[in-house]
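Structure record follows, encoded as structure tokens.
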Amino acid sequence: MKLLFTNIKNLLQIRDASVEKLSGTEMKELPCISNSWLLTDNGIIADFGKMDSIPKIKPDKIIDLTGKIVLPAWCDSHTHLVYAGNREQEFADRINGLTYEEIANRGGGILNSAKTLQETSEEDLYAQSALRLKEIMRLGTGAIEIKSGYGLNKEGELKMLRVIKKLKENYEIQIKATFLGAHALPKEFKNNTKAYLDLVIDEILPIVAKENLAEYIDIFCEKGYFSVEDTNRLLSAAEKYGLRPKIHVNQFNAIGGVQAGVAHNALSVDHLEVMRPEDIESLKNTETMPVAVPGCSLFLSIPYTPGRQILDAGLPLALATDFNPGSSPSGNMNLVVSLACIKMNLSPEEAINAATINGAYAMGLGKTHGSITIGKAANFIVTKPIPSYAVLPYAFGSNSIEAVYIDGKLVE
């Protein structure tokens, strides 16, 4: 079906197909066409231009967008959307003075979610996750990465990955799956990291690869979780199966995780709330995308990723939600874009670039998503009538989205 969108106030993020990511000062620019039109054909962007040069087209439907802005759908490259239950009691515990680490040491945190997930049927887990997926699609997300990591045993991890696969099959949105078996140590392996990694590498990883349940591998490289040595061991094992790293690093401490990620050609290194000069330096001239998750900083009251410093060093940056039940219980990319501007000192242009084209790159979708480019997926947001795109991060408590299209289809 051909859809023609006319009288668009501003058509944002117009890019040549050769542009897959942006770095440094490039992120200050957000190319757009005013008073424009956009043509989609069977879920693909077919053409666009200014209204005064619109060619003769016979579409199946014409949609007038007078006064409205169109931009690419958000690309959320770091989530834990598949989980069971929630952790609102821990929210109250933090208000009462406990830290994230203290809650984890009491059996809360990731271990709490793992226990709940292990007790939840695959059907129920799918139903809960599908509701979240539909919610974030209506909020403008058109591509998403989802991690396992709340199973922490063979059955639980595979259950999560099968649910992600089922979501892929049943929804239009592009979904990438990441195997995060090394998210935390289960209670039974509390003092034996090697034995748990043996289980992940020798028993779970081969099945993940054989059944094609994930594109990426992840590990929580952090004090109290997994060391740099553990990280190197797992990433080396996963490389044999063709799983590229997208890893958690530098959330609470800088222990060399960034360097380990770069050494293994990680597609992204995520969190980065704590960054040393040598961490920034090690990312220069690499293919690894730094990813910030400011929703986590907001919820846990921890430092924000130094986005301004990263961009001023000439590096790229992507934004993601880290949607999960314990440290970022929101999949709202609009809020993330606002936080990047308000708390990380990014301009609206930089934040939108980080949440679209760079987010797509951070999950291997740079050729098909993240910009208004002929031949890319027709994934885009239509705003309500607003003065400018700066209103999107500025009005952080308002929903400025009127409609979302994924693969050329209106998200109901």
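Going by the structure tokens order, chains are called A, B, ..., each with residues numbered from 1, while ligands are numbered from 1 in the order shown.
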
Residues flagged helix (DSSP H, G or I) by DSSP in stretch 82-323 of chain A, as a compact mmCIF listing (two decimals) with C-alpha atoms, in the first residue's frame:
```txt
# COMPACT_ATOMS: atom_id res chain seq x y z
CA GLU A 88 7.97 -1.73 43.83
CA GLN A 89 8.93 -2.78 47.38
CA GLU A 90 12.59 -2.13 46.57
CA PHE A 91 11.55 1.33 45.36
CA ALA A 92 10.24 1.99 48.87
CA ASP A 93 13.41 0.48 50.40
CA ARG A 94 15.58 2.94 48.48
CA ILE A 95 13.41 5.83 49.62
CA TYR A 100 20.99 -0.59 45.15
CA GLU A 101 23.98 -2.68 46.28
CA GLU A 102 22.54 -3.15 49.79
CA ILE A 103 19.24 -4.34 48.35
CA ALA A 104 21.09 -6.78 46.10
CA ASN A 105 23.12 -8.12 49.04
CA ILE A 110 18.31 -9.08 39.96
CA LEU A 111 18.00 -12.18 42.16
CA ASN A 112 14.51 -11.11 43.19
CA SER A 113 13.47 -10.81 39.54
CA ALA A 114 15.10 -14.14 38.74
CA LYS A 115 13.10 -15.93 41.45
CA THR A 116 9.84 -14.45 40.18
CA LEU A 117 10.65 -15.27 36.58
CA GLN A 118 11.56 -18.86 37.37
CA GLU A 122 6.30 -19.01 29.65
CA GLU A 123 2.75 -18.11 28.58
CA ASP A 124 2.30 -15.63 31.44
CA LEU A 125 5.74 -14.15 30.86
CA TYR A 126 4.87 -13.61 27.20
CA ALA A 127 1.54 -11.96 28.07
CA GLN A 128 3.18 -9.54 30.52
CA SER A 129 5.93 -8.68 28.06
CA ALA A 130 3.56 -8.18 25.13
CA LEU A 131 1.66 -5.53 27.09
CA ARG A 132 4.89 -3.62 27.70
CA LEU A 133 5.90 -3.92 24.05
CA LYS A 134 2.59 -2.51 22.84
CA GLU A 135 2.93 0.37 25.30
CA ILE A 136 6.38 1.43 24.10
CA MET A 137 5.32 1.14 20.45
CA ARG A 138 2.53 3.65 21.13
CA LYS A 154 19.30 -22.88 31.98
CA GLU A 155 15.52 -23.15 31.99
CA GLY A 156 14.91 -19.51 32.91
CA GLU A 157 17.31 -18.01 30.38
CA LEU A 158 15.99 -20.14 27.54
CA LYS A 159 12.42 -19.31 28.58
CA MET A 160 13.18 -15.60 28.28
CA LEU A 161 14.83 -15.96 24.90
CA ARG A 162 11.92 -18.02 23.56
CA VAL A 163 9.54 -15.28 24.69
CA ILE A 164 11.65 -12.67 22.87
CA LYS A 165 11.56 -14.86 19.75
CA LYS A 166 7.76 -15.13 19.99
CA LEU A 167 7.46 -11.35 20.31
CA LYS A 168 9.58 -11.02 17.16
CA GLU A 169 7.20 -13.31 15.31
CA ASN A 170 4.00 -11.60 16.45
CA LYS A 187 22.48 -17.83 45.20
CA GLU A 188 23.71 -21.37 44.66
CA PHE A 189 26.84 -20.02 42.91
CA THR A 193 31.80 -17.41 39.71
CA LYS A 194 33.84 -19.87 37.63
CA ALA A 195 31.29 -22.65 38.08
CA TYR A 196 28.42 -20.39 37.02
CA LEU A 197 30.30 -19.17 33.95
CA ASP A 198 31.01 -22.83 33.14
CA LEU A 199 27.25 -23.38 33.13
CA VAL A 200 26.59 -20.32 30.96
CA ILE A 201 29.34 -21.16 28.48
CA ASP A 202 29.14 -24.95 28.33
CA GLU A 203 25.42 -25.63 28.79
CA ILE A 204 23.35 -22.57 27.84
CA LEU A 205 25.38 -20.79 25.16
CA PRO A 206 25.48 -23.75 22.73
CA ILE A 207 21.67 -24.07 22.84
CA VAL A 208 21.23 -20.31 22.36
CA ALA A 209 23.42 -20.51 19.27
CA LYS A 210 21.93 -23.73 17.91
CA VAL A 228 37.17 -8.10 33.43
CA GLU A 229 38.68 -11.59 33.35
CA ASP A 230 35.21 -13.12 33.47
CA THR A 231 34.15 -10.75 30.70
CA ASN A 232 37.06 -11.71 28.47
CA ARG A 233 36.35 -15.39 29.02
CA LEU A 234 32.65 -15.15 28.13
CA LEU A 235 33.11 -12.87 25.13
CA SER A 236 35.81 -15.13 23.72
CA ALA A 237 33.51 -18.14 24.08
CA ALA A 238 30.58 -16.31 22.46
CA GLU A 239 32.73 -15.18 19.54
CA GLY A 257 35.09 -3.04 31.12
CA VAL A 258 35.18 -0.45 28.34
CA GLN A 259 38.60 -1.65 27.26
CA ALA A 260 37.45 -5.28 27.34
CA GLY A 261 34.50 -4.39 25.15
CA VAL A 262 36.68 -2.57 22.63
CA ALA A 263 39.16 -5.46 22.56
CA PRO A 277 39.76 9.88 30.68
CA GLU A 278 41.32 6.56 29.64
CA ASP A 279 37.85 5.07 29.06
CA ILE A 280 36.93 7.87 26.70
CA GLU A 281 40.30 7.62 24.98
CA SER A 282 39.95 3.88 24.44
CA LEU A 283 36.69 4.37 22.49
CA PRO A 294 19.64 8.22 31.84
CA GLY A 295 16.38 6.68 33.10
CA CYS A 296 18.48 4.46 35.34
CA SER A 297 20.34 7.47 36.75
CA LEU A 298 17.05 9.21 37.45
CA PHE A 299 15.52 6.22 39.22
CA LEU A 300 18.57 5.20 41.27
CA GLY A 307 27.35 12.76 27.50
CA ARG A 308 28.69 16.26 26.89
CA GLN A 309 32.23 15.07 27.64
CA ILE A 310 31.83 12.05 25.36
CA LEU A 311 30.59 14.15 22.42
CA ASP A 312 33.19 16.86 22.95
```

Residues of stretch 284-312 of chain A that approach stretch 351-362 of chain A to 9 Å or less, counting only C-alpha atoms: could you list each one with the shortest pair of atoms and its distance in Å to one decimal, rows by chain and increasing residue number, as a Markdown table?
```
| residue | atom | partner | partner_atom | distance |
| --- | --- | --- | --- | --- |
| A:Thr288 | CA | A:Ala362 | CA | 8.1 |
| A:Met289 | CA | A:Ala362 | CA | 6.0 |
| A:Pro290 | CA | A:Ala362 | CA | 8.3 |
| A:Val291 | CA | A:Ala362 | CA | 7.7 |
```

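Going from atom CA of A:Ala177 to atom CA of A:Leu213 covers 7.0 Å.
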
DSSP on the backbone, strand (DSSP E or B) only: what residues of stretch 29-91 of chain A does that give? Format it as a PyMOL selection string.
chain A and resi 32-41+44-50+61-64+66+69-72+74-76+79

So the first atom is atom CA of A:Ala46 and the second is atom CA of A:Leu22; what is the distance between them in Å, to one decimal place?
23.4 Å

When distances are computed from only C-alpha atoms, which of A:Glu20, A:Asp64, A:Asp41, A:Asp47 shows the smallest separation from A:His369?
A:Glu20

Give me the residues near A:Cys341 as a VMD selection string, where near means some atom within 12 Å (using only C-alpha atoms) and where sequence neighbours in that chain fewer than 6 positions away do not count.
chain A and resid 294 304 to 308 319 334 to 335 347 to 352 354 to 355 390 to 396

Might you pull out every residue within 7 Å of A:Phe179, with only C-alpha atoms counted and same-chain residues fewer than 2 positions away left off, and present them as a compact mmCIF listing (two decimals) with N, CA and C atoms, in the first residue's frame?
```txt
# COMPACT_ATOMS: atom_id res chain seq x y z
N LYS A 147 17.02 -8.06 26.30
CA LYS A 147 18.00 -8.97 26.87
C LYS A 147 17.31 -10.06 27.71
N SER A 148 17.98 -11.19 27.82
CA SER A 148 17.60 -12.14 28.87
C SER A 148 18.30 -11.67 30.14
N ALA A 177 17.67 -9.66 19.94
CA ALA A 177 17.76 -10.41 21.19
C ALA A 177 19.21 -10.52 21.66
N GLY A 181 23.08 -14.15 30.18
CA GLY A 181 23.10 -15.13 31.26
C GLY A 181 23.98 -14.69 32.42
N ALA A 214 19.55 -15.62 19.92
CA ALA A 214 20.12 -14.30 20.22
C ALA A 214 21.10 -13.89 19.14
N TYR A 216 23.23 -11.20 20.07
CA TYR A 216 24.30 -10.57 20.84
C TYR A 216 24.52 -11.26 22.17
N ILE A 217 25.70 -10.99 22.76
CA ILE A 217 26.07 -11.51 24.09
C ILE A 217 26.31 -10.32 25.01
N ASP A 218 25.95 -10.49 26.28
CA ASP A 218 26.11 -9.40 27.24
C ASP A 218 26.61 -9.98 28.57
```
